[in-house]
>>> print(open('work38.pdb').read())   # PDB, C-alpha atoms
MODEL        1
ATOM      1  CA  MET A  12      98.152  54.563  79.937
ATOM      2  CA  ASN A  13      95.886  57.606  80.174
ATOM      3  CA  GLU A  14      95.794  60.503  82.643
ATOM      4  CA  TRP A  15      93.475  58.609  84.984
ATOM      5  CA  SER A  16      95.960  55.727  85.343
ATOM      6  CA  VAL A  17      98.720  58.219  86.121
ATOM      7  CA  ALA A  18      96.481  59.839  88.754
ATOM      8  CA  ALA A  19      95.779  56.417  90.301
ATOM      9  CA  LEU A  20      99.513  55.694  90.479
ATOM     10  CA  ALA A  21     100.173  59.069  92.088
ATOM     11  CA  LEU A  22      97.386  58.488  94.601
ATOM     12  CA  LEU A  23      98.862  55.087  95.461
ATOM     13  CA  ALA A  24     102.037  56.897  96.564
ATOM     14  CA  GLY A  25      99.887  58.557  99.231
ATOM     15  CA  LEU A  26      99.433  55.181 100.886
ATOM     16  CA  VAL A  27     103.090  55.151 101.949
ATOM     17  CA  PRO A  28     102.752  57.944 104.576
ATOM     18  CA  CYS A  29      99.519  56.320 105.789
ATOM     19  CA  GLY A  30     101.371  53.019 106.210
ATOM     20  CA  VAL A  31     104.176  54.705 108.123
ATOM     21  CA  VAL A  32     101.639  56.332 110.482
ATOM     22  CA  CYS A  33      99.931  52.954 110.935
ATOM     23  CA  LEU A  34     103.251  51.396 111.936
ATOM     24  CA  ARG A  35     104.170  53.779 114.739
ATOM     25  CA  GLY A  36     102.599  55.979 117.397
ATOM     26  CA  SER A  37      99.647  55.451 119.708
ATOM     27  CA  PRO A  38      96.654  53.297 118.716
ATOM     28  CA  VAL A  39      94.594  56.417 117.920
ATOM     29  CA  ASP A  40      97.370  57.717 115.646
ATOM     30  CA  ARG A  41      97.319  54.395 113.846
ATOM     31  CA  LEU A  42      93.541  54.569 113.486
ATOM     32  CA  VAL A  43      93.846  58.000 111.857
ATOM     33  CA  GLY A  44      96.361  56.518 109.398
ATOM     34  CA  LEU A  45      93.982  53.653 108.649
ATOM     35  CA  GLU A  46      91.045  55.992 108.051
ATOM     36  CA  LEU A  47      93.045  58.143 105.666
ATOM     37  CA  ALA A  48      94.270  55.000 103.877
ATOM     38  CA  GLY A  49      90.619  53.968 103.403
ATOM     39  CA  THR A  50      89.807  57.345 101.874
ATOM     40  CA  VAL A  51      92.838  57.217  99.573
ATOM     41  CA  ASP A  52      91.947  53.660  98.518
ATOM     42  CA  THR A  53      88.416  54.767  97.671
ATOM     43  CA  LEU A  54      89.786  57.577  95.518
ATOM     44  CA  VAL A  55      92.174  55.150  93.796
ATOM     45  CA  LEU A  56      89.274  52.821  92.936
ATOM     46  CA  LEU A  57      87.244  55.801  91.726
ATOM     47  CA  VAL A  58      90.018  56.946  89.411
ATOM     48  CA  LEU A  59      90.800  53.396  88.236
ATOM     49  CA  ALA A  60      87.131  52.820  87.337
ATOM     50  CA  GLN A  61      87.344  55.838  85.061
ATOM     51  CA  ALA A  62      90.737  54.715  83.740
ATOM     52  CA  TYR A  63      89.304  51.346  82.667
ATOM     53  CA  ASP A  64      86.110  53.053  81.444
ATOM     54  CA  ARG A  65      83.820  50.545  83.187
ATOM     55  CA  ALA A  66      80.861  52.041  85.058
ATOM     56  CA  ILE A  67      80.370  48.893  87.143
ATOM     57  CA  TYR A  68      83.792  49.390  88.779
ATOM     58  CA  PHE A  69      82.489  52.530  90.510
ATOM     59  CA  ASP A  70      80.435  50.206  92.715
ATOM     60  CA  LEU A  71      83.692  48.941  94.253
ATOM     61  CA  ALA A  72      84.618  52.460  95.330
ATOM     62  CA  LEU A  73      81.137  52.950  96.767
ATOM     63  CA  ALA A  74      81.328  49.677  98.724
ATOM     64  CA  LEU A  75      84.777  50.531 100.071
ATOM     65  CA  ALA A  76      83.652  54.031 101.111
ATOM     66  CA  LEU A  77      80.762  52.584 103.121
ATOM     67  CA  LEU A  78      82.740  49.693 104.600
ATOM     68  CA  SER A  79      85.754  51.779 105.625
ATOM     69  CA  PHE A  80      83.353  54.158 107.372
ATOM     70  CA  ALA A  81      81.739  51.298 109.289
ATOM     71  CA  GLY A  82      85.132  49.776 110.091
ATOM     72  CA  GLY A  83      86.488  53.096 111.333
ATOM     73  CA  LEU A  84      83.493  53.559 113.625
ATOM     74  CA  VAL A  85      83.951  50.070 115.086
ATOM     75  CA  PHE A  86      87.663  50.694 115.705
ATOM     76  CA  ALA A  87      86.917  54.073 117.293
ATOM     77  CA  ARG A  88      84.327  52.468 119.554
ATOM     78  CA  PHE A  89      86.746  49.775 120.685
ATOM     79  CA  LEU A  90      89.586  52.260 121.181
ATOM     80  CA  GLU A  91      87.412  54.265 123.573
ATOM     81  CA  ARG A  92      87.740  51.717 126.320
ATOM     82  CA  TRP A  93      88.793  48.209 125.499
ATOM     83  CA  ILE A  94      91.999  48.204 123.457
TER
ATOM     84  CA  MET B  14      93.493  69.825  73.650
ATOM     85  CA  SER B  15      90.001  71.197  74.250
ATOM     86  CA  PRO B  16      89.144  73.434  77.232
ATOM     87  CA  ARG B  17      87.084  70.614  78.723
ATOM     88  CA  GLU B  18      90.043  68.207  78.648
ATOM     89  CA  LEU B  19      92.202  70.884  80.217
ATOM     90  CA  ALA B  20      89.624  71.364  82.972
ATOM     91  CA  VAL B  21      89.512  67.593  83.585
ATOM     92  CA  LEU B  22      93.295  67.488  83.868
ATOM     93  CA  ALA B  23      93.367  70.479  86.215
ATOM     94  CA  LEU B  24      90.674  69.042  88.483
ATOM     95  CA  LEU B  25      92.378  65.655  88.550
ATOM     96  CA  ALA B  26      95.735  67.206  89.394
ATOM     97  CA  LEU B  27      94.107  69.276  92.138
ATOM     98  CA  GLY B  28      92.454  66.204  93.659
ATOM     99  CA  VAL B  29      95.651  64.174  93.583
ATOM    100  CA  GLY B  30      97.704  67.073  94.969
ATOM    101  CA  VAL B  31      95.302  67.714  97.829
ATOM    102  CA  THR B  32      95.290  64.021  98.733
ATOM    103  CA  LEU B  33      99.079  63.716  98.691
ATOM    104  CA  LEU B  34      99.488  66.857 100.806
ATOM    105  CA  SER B  35      96.950  65.487 103.285
ATOM    106  CA  CYS B  36      98.915  62.252 103.553
ATOM    107  CA  LEU B  37     102.122  64.193 104.177
ATOM    108  CA  GLY B  38     100.369  66.328 106.796
ATOM    109  CA  VAL B  39      99.156  63.252 108.652
ATOM    110  CA  LEU B  40     102.684  61.874 108.587
ATOM    111  CA  VAL B  41     104.325  65.057 109.852
ATOM    112  CA  MET B  42     101.932  66.098 112.645
ATOM    113  CA  ARG B  43     102.660  65.189 116.245
ATOM    114  CA  ASP B  44      99.497  63.864 117.898
ATOM    115  CA  ALA B  45      96.201  62.307 116.826
ATOM    116  CA  TYR B  46      94.194  65.545 117.148
ATOM    117  CA  ASP B  47      96.580  67.378 114.819
ATOM    118  CA  ARG B  48      96.629  64.463 112.399
ATOM    119  CA  LEU B  49      92.826  64.355 112.255
ATOM    120  CA  HIS B  50      92.714  67.860 110.772
ATOM    121  CA  TYR B  51      94.702  66.672 107.773
ATOM    122  CA  THR B  52      92.288  63.859 106.913
ATOM    123  CA  ALA B  53      89.574  66.395 106.056
ATOM    124  CA  PRO B  54      90.911  67.739 102.705
ATOM    125  CA  ALA B  55      91.449  64.197 101.395
ATOM    126  CA  GLY B  56      87.997  63.149 102.569
ATOM    127  CA  VAL B  57      85.973  66.178 101.479
ATOM    128  CA  LEU B  58      87.723  68.303  98.853
ATOM    129  CA  ALA B  59      89.489  65.596  96.840
ATOM    130  CA  PRO B  60      86.406  63.375  96.229
ATOM    131  CA  LEU B  61      84.351  66.378  95.093
ATOM    132  CA  VAL B  62      87.064  67.562  92.731
ATOM    133  CA  ILE B  63      87.691  64.092  91.275
ATOM    134  CA  ALA B  64      83.961  63.458  90.876
ATOM    135  CA  ALA B  65      83.680  66.803  89.093
ATOM    136  CA  ALA B  66      86.455  65.670  86.732
ATOM    137  CA  VAL B  67      84.594  62.408  86.031
ATOM    138  CA  VAL B  68      81.322  64.276  85.392
ATOM    139  CA  LEU B  69      83.097  66.709  83.076
ATOM    140  CA  GLU B  70      84.455  63.814  81.036
ATOM    141  CA  GLU B  71      81.460  61.468  81.123
ATOM    142  CA  ARG B  72      78.579  63.939  81.565
ATOM    143  CA  LEU B  73      75.773  62.581  83.762
ATOM    144  CA  SER B  74      76.038  58.992  82.550
ATOM    145  CA  ALA B  75      76.030  55.996  84.899
ATOM    146  CA  ALA B  76      79.722  56.569  85.616
ATOM    147  CA  GLY B  77      79.225  60.259  86.373
ATOM    148  CA  ILE B  78      76.288  59.654  88.694
ATOM    149  CA  LYS B  79      78.134  56.897  90.564
ATOM    150  CA  ALA B  80      81.220  59.076  90.950
ATOM    151  CA  VAL B  81      79.063  61.829  92.449
ATOM    152  CA  LEU B  82      77.459  59.249  94.744
ATOM    153  CA  VAL B  83      80.856  58.039  95.966
ATOM    154  CA  ALA B  84      81.938  61.628  96.577
ATOM    155  CA  LEU B  85      78.749  62.392  98.508
ATOM    156  CA  VAL B  86      79.210  59.276 100.672
ATOM    157  CA  LEU B  87      82.802  60.294 101.465
ATOM    158  CA  VAL B  88      81.785  63.890 102.200
ATOM    159  CA  ALA B  89      79.009  62.728 104.517
ATOM    160  CA  THR B  90      80.972  60.042 106.385
ATOM    161  CA  ASN B  91      84.404  61.636 106.776
ATOM    162  CA  PRO B  92      83.411  64.295 109.361
ATOM    163  CA  VAL B  93      81.464  61.703 111.351
ATOM    164  CA  LEU B  94      84.476  59.405 111.411
ATOM    165  CA  GLY B  95      86.770  62.263 112.425
ATOM    166  CA  HIS B  96      84.450  63.193 115.261
ATOM    167  CA  ALA B  97      84.193  59.589 116.466
ATOM    168  CA  THR B  98      87.981  59.206 116.385
ATOM    169  CA  ALA B  99      88.594  62.448 118.288
ATOM    170  CA  ARG B 100      85.969  61.388 120.826
ATOM    171  CA  ALA B 101      87.710  58.027 121.246
ATOM    172  CA  ALA B 102      91.085  59.755 121.682
ATOM    173  CA  ARG B 103      89.648  62.048 124.366
ATOM    174  CA  ILE B 104      87.963  59.212 126.242
ATOM    175  CA  ARG B 105      91.242  57.269 126.215
ATOM    176  CA  GLN B 106      93.063  60.323 127.522
ATOM    177  CA  PHE B 107      90.670  61.602 130.207
ATOM    178  CA  GLY B 108      88.137  58.812 130.768
ATOM    179  CA  GLU B 109      85.232  60.861 129.380
ATOM    180  CA  TRP B 110      84.601  63.195 126.465
ATOM    181  CA  ARG B 111      82.771  66.026 128.248
ATOM    182  CA  VAL B 112      84.469  69.303 129.214
ATOM    183  CA  ARG B 113      86.312  68.770 132.483
ATOM    184  CA  GLU B 114      86.151  71.122 135.469
ATOM    185  CA  GLU B 115      89.793  72.252 135.005
ATOM    186  CA  GLU B 116      89.189  73.098 131.358
ATOM    187  CA  ARG B 117      86.069  75.084 132.239
ATOM    188  CA  GLU B 118      88.069  77.126 134.759
ATOM    189  CA  GLU B 119      90.862  77.689 132.241
ATOM    190  CA  GLY B 120      88.309  78.871 129.678
ATOM    191  CA  ALA B 121      86.666  81.271 132.150
ATOM    192  CA  SER B 122      89.927  82.899 133.264
ATOM    193  CA  PRO B 123      91.207  85.812 131.127
TER
ENDMDL
END
>>> encode(input="work38.pdb", output="structure tokens")
Amino acid sequence: MNEWSVAALALLAGLVPCGVVCLRGSPVDRLVGLELAGTVDTLVLLVLAQAYDRAIYFDLALALALLSFAGGLVFARFLERWI
Amino acid sequence: MSPRELAVLALLALGVGVTLLSCLGVLVMRDAYDRLHYTAPAGVLAPLVIAAAVVLEERLSAAGIKAVLVALVLVATNPVLGHATARAARIRQFGEWRVREEEREEGASP
């Protein structure tokens, strides 16, 4: 277990507050929690790719960064009027 | 431990610390506008710092370049997402996102 694995574990702890925010509050509050969880997940994948020393794993972080952005925009658009 | 390893550790710790503090800030704040402010450090500062740590360790290999790419994507998309979310919150609250007449009057008064 190297320092990158420890960092990934520590970052995973950050998902707990995001989950709590997603579970309570208004829909927009929950969306903010979801967006931050997407960012934290991307960072976890980034750090894990370095921990396993496999360059191809960085593509996962890149895909998640792009997809969580698109997902967040779709949620924001729907929250404007319809949900 | 070489100075470069120390720098990697320091950058990594900074990135993790900033992210965890951001998560706590989002949890503690009262409304969505306040919470949105606390997503910025995790979405802008932390990716840059962690990518810098990866580049320091790997140099500009495939891993280093991809880490920088991920950080750049996060830095570019996070403010856009924050803006879209705040806009959605405002439209839900007032029906439109533009400055309302009452707010304009409040801003004009001393």
>>> closest_atom_pairs(input="work38.pdb", of="chain A", to="chain B", cutoff="8 Å", atoms="all atoms listed in the file", output="Markdown table")
| residue | atom | partner | partner_atom | distance |
| --- | --- | --- | --- | --- |
| A:Glu14 | CA | B:Leu22 | CA | 7.5 |
| A:Trp15 | CA | B:Leu25 | CA | 8.0 |
| A:Ala18 | CA | B:Val29 | CA | 6.5 |
| A:Ala21 | CA | B:Val29 | CA | 7.0 |
| A:Leu22 | CA | B:Val29 | CA | 6.0 |
| A:Ala24 | CA | B:Leu33 | CA | 7.7 |
| A:Gly25 | CA | B:Leu33 | CA | 5.2 |
| A:Leu26 | CA | B:Cys36 | CA | 7.6 |
| A:Pro28 | CA | B:Leu40 | CA | 5.6 |
| A:Cys29 | CA | B:Cys36 | CA | 6.4 |
| A:Val31 | CA | B:Leu40 | CA | 7.3 |
| A:Val32 | CA | B:Leu40 | CA | 5.9 |
| A:Val39 | CA | B:Ala102 | CA | 6.1 |
| A:Asp40 | CA | B:Ala45 | CA | 4.9 |
| A:Leu42 | CA | B:Thr98 | CA | 7.8 |
| A:Val43 | CA | B:Leu49 | CA | 6.4 |
| A:Gly44 | CA | B:Val39 | CA | 7.3 |
| A:Leu47 | CA | B:Thr52 | CA | 5.9 |
| A:Thr50 | CA | B:Gly56 | CA | 6.1 |
| A:Val51 | CA | B:Thr32 | CA | 7.3 |
| A:Leu54 | CA | B:Pro60 | CA | 6.7 |
| A:Leu57 | CA | B:Ala80 | CA | 6.9 |
| A:Val58 | CA | B:Ile63 | CA | 7.7 |
| A:Gln61 | CA | B:Val67 | CA | 7.2 |
| A:Arg65 | CA | B:Ala76 | CA | 7.7 |
| A:Ala66 | CA | B:Ala76 | CA | 4.7 |
| A:Ile67 | CA | B:Ala76 | CA | 7.9 |
| A:Phe69 | CA | B:Lys79 | CA | 6.2 |
| A:Asp70 | CA | B:Lys79 | CA | 7.4 |
| A:Ala72 | CA | B:Val83 | CA | 6.8 |
| A:Leu73 | CA | B:Val83 | CA | 5.2 |
| A:Ala76 | CA | B:Leu87 | CA | 6.3 |
| A:Leu77 | CA | B:Val86 | CA | 7.3 |
| A:Phe80 | CA | B:Thr90 | CA | 6.4 |
| A:Gly83 | CA | B:Leu94 | CA | 6.6 |
| A:Leu84 | CA | B:Leu94 | CA | 6.3 |
| A:Ala87 | CA | B:Thr98 | CA | 5.3 |
| A:Arg88 | CA | B:Ala101 | CA | 6.7 |
| A:Leu90 | CA | B:Ala101 | CA | 6.1 |
| A:Glu91 | CA | B:Ala101 | CA | 4.4 |
| A:Arg92 | CA | B:Arg105 | CA | 6.6 |
>>> closest_residue(input="work38.pdb", among="A:Gly36, A:Asn13, A:Leu75, A:Arg41", to="A:Leu56", atoms="only C-alpha atoms")
A:Leu75
>>> atom_distance(input="work38.pdb", atom1="atom CA of B:Arg17", atom2="atom CA of A:Val17")
18.5 Å
>>> atom_distance(input="work38.pdb", atom1="atom CA of B:Leu61", atom2="atom CA of B:Val88")
8.0 Å
>>> atom_distance(input="work38.pdb", atom1="atom CA of B:Met14", atom2="atom CA of A:Thr53")
28.8 Å
>>> decode(input="work38.pdb", residues="stretch 66-78 of chain A", atoms="N, CA and C atoms", output="PDB file, in the first residue's frame")
ATOM      1  N   ALA A  66      -1.108   3.410 -16.856  1.00  0.00           N
ATOM      2  CA  ALA A  66      -1.477   4.654 -17.542  1.00  0.00           C
ATOM      3  C   ALA A  66      -2.882   4.573 -18.145  1.00  0.00           C
ATOM      4  N   ILE A  67      -3.295   3.371 -18.532  1.00  0.00           N
ATOM      5  CA  ILE A  67      -4.594   3.231 -19.202  1.00  0.00           C
ATOM      6  C   ILE A  67      -5.746   3.562 -18.244  1.00  0.00           C
ATOM      7  N   TYR A  68      -5.507   3.386 -16.934  1.00  0.00           N
ATOM      8  CA  TYR A  68      -6.571   3.658 -15.955  1.00  0.00           C
ATOM      9  C   TYR A  68      -6.910   5.149 -15.884  1.00  0.00           C
ATOM     10  N   PHE A  69      -6.000   6.020 -16.330  1.00  0.00           N
ATOM     11  CA  PHE A  69      -6.304   7.447 -16.311  1.00  0.00           C
ATOM     12  C   PHE A  69      -7.463   7.779 -17.254  1.00  0.00           C
ATOM     13  N   ASP A  70      -7.665   6.913 -18.261  1.00  0.00           N
ATOM     14  CA  ASP A  70      -8.777   7.140 -19.187  1.00  0.00           C
ATOM     15  C   ASP A  70     -10.117   7.062 -18.473  1.00  0.00           C
ATOM     16  N   LEU A  71     -10.200   6.209 -17.434  1.00  0.00           N
ATOM     17  CA  LEU A  71     -11.442   6.100 -16.659  1.00  0.00           C
ATOM     18  C   LEU A  71     -11.780   7.431 -15.996  1.00  0.00           C
ATOM     19  N   ALA A  72     -10.750   8.040 -15.392  1.00  0.00           N
ATOM     20  CA  ALA A  72     -10.964   9.336 -14.736  1.00  0.00           C
ATOM     21  C   ALA A  72     -11.410  10.379 -15.749  1.00  0.00           C
ATOM     22  N   LEU A  73     -10.789  10.340 -16.931  1.00  0.00           N
ATOM     23  CA  LEU A  73     -11.150  11.305 -17.978  1.00  0.00           C
ATOM     24  C   LEU A  73     -12.604  11.109 -18.412  1.00  0.00           C
ATOM     25  N   ALA A  74     -12.993   9.838 -18.609  1.00  0.00           N
ATOM     26  CA  ALA A  74     -14.376   9.551 -19.026  1.00  0.00           C
ATOM     27  C   ALA A  74     -15.356   9.999 -17.955  1.00  0.00           C
ATOM     28  N   LEU A  75     -15.031   9.724 -16.685  1.00  0.00           N
ATOM     29  CA  LEU A  75     -15.948  10.119 -15.613  1.00  0.00           C
ATOM     30  C   LEU A  75     -16.055  11.636 -15.513  1.00  0.00           C
ATOM     31  N   ALA A  76     -14.927  12.342 -15.690  1.00  0.00           N
ATOM     32  CA  ALA A  76     -14.965  13.811 -15.626  1.00  0.00           C
ATOM     33  C   ALA A  76     -15.917  14.359 -16.691  1.00  0.00           C
ATOM     34  N   LEU A  77     -15.814  13.836 -17.902  1.00  0.00           N
ATOM     35  CA  LEU A  77     -16.671  14.328 -18.988  1.00  0.00           C
ATOM     36  C   LEU A  77     -18.129  13.933 -18.765  1.00  0.00           C
ATOM     37  N   LEU A  78     -18.349  12.686 -18.330  1.00  0.00           N
ATOM     38  CA  LEU A  78     -19.732  12.220 -18.187  1.00  0.00           C
ATOM     39  C   LEU A  78     -20.435  12.879 -16.999  1.00  0.00           C
TER      40      LEU A  78
END
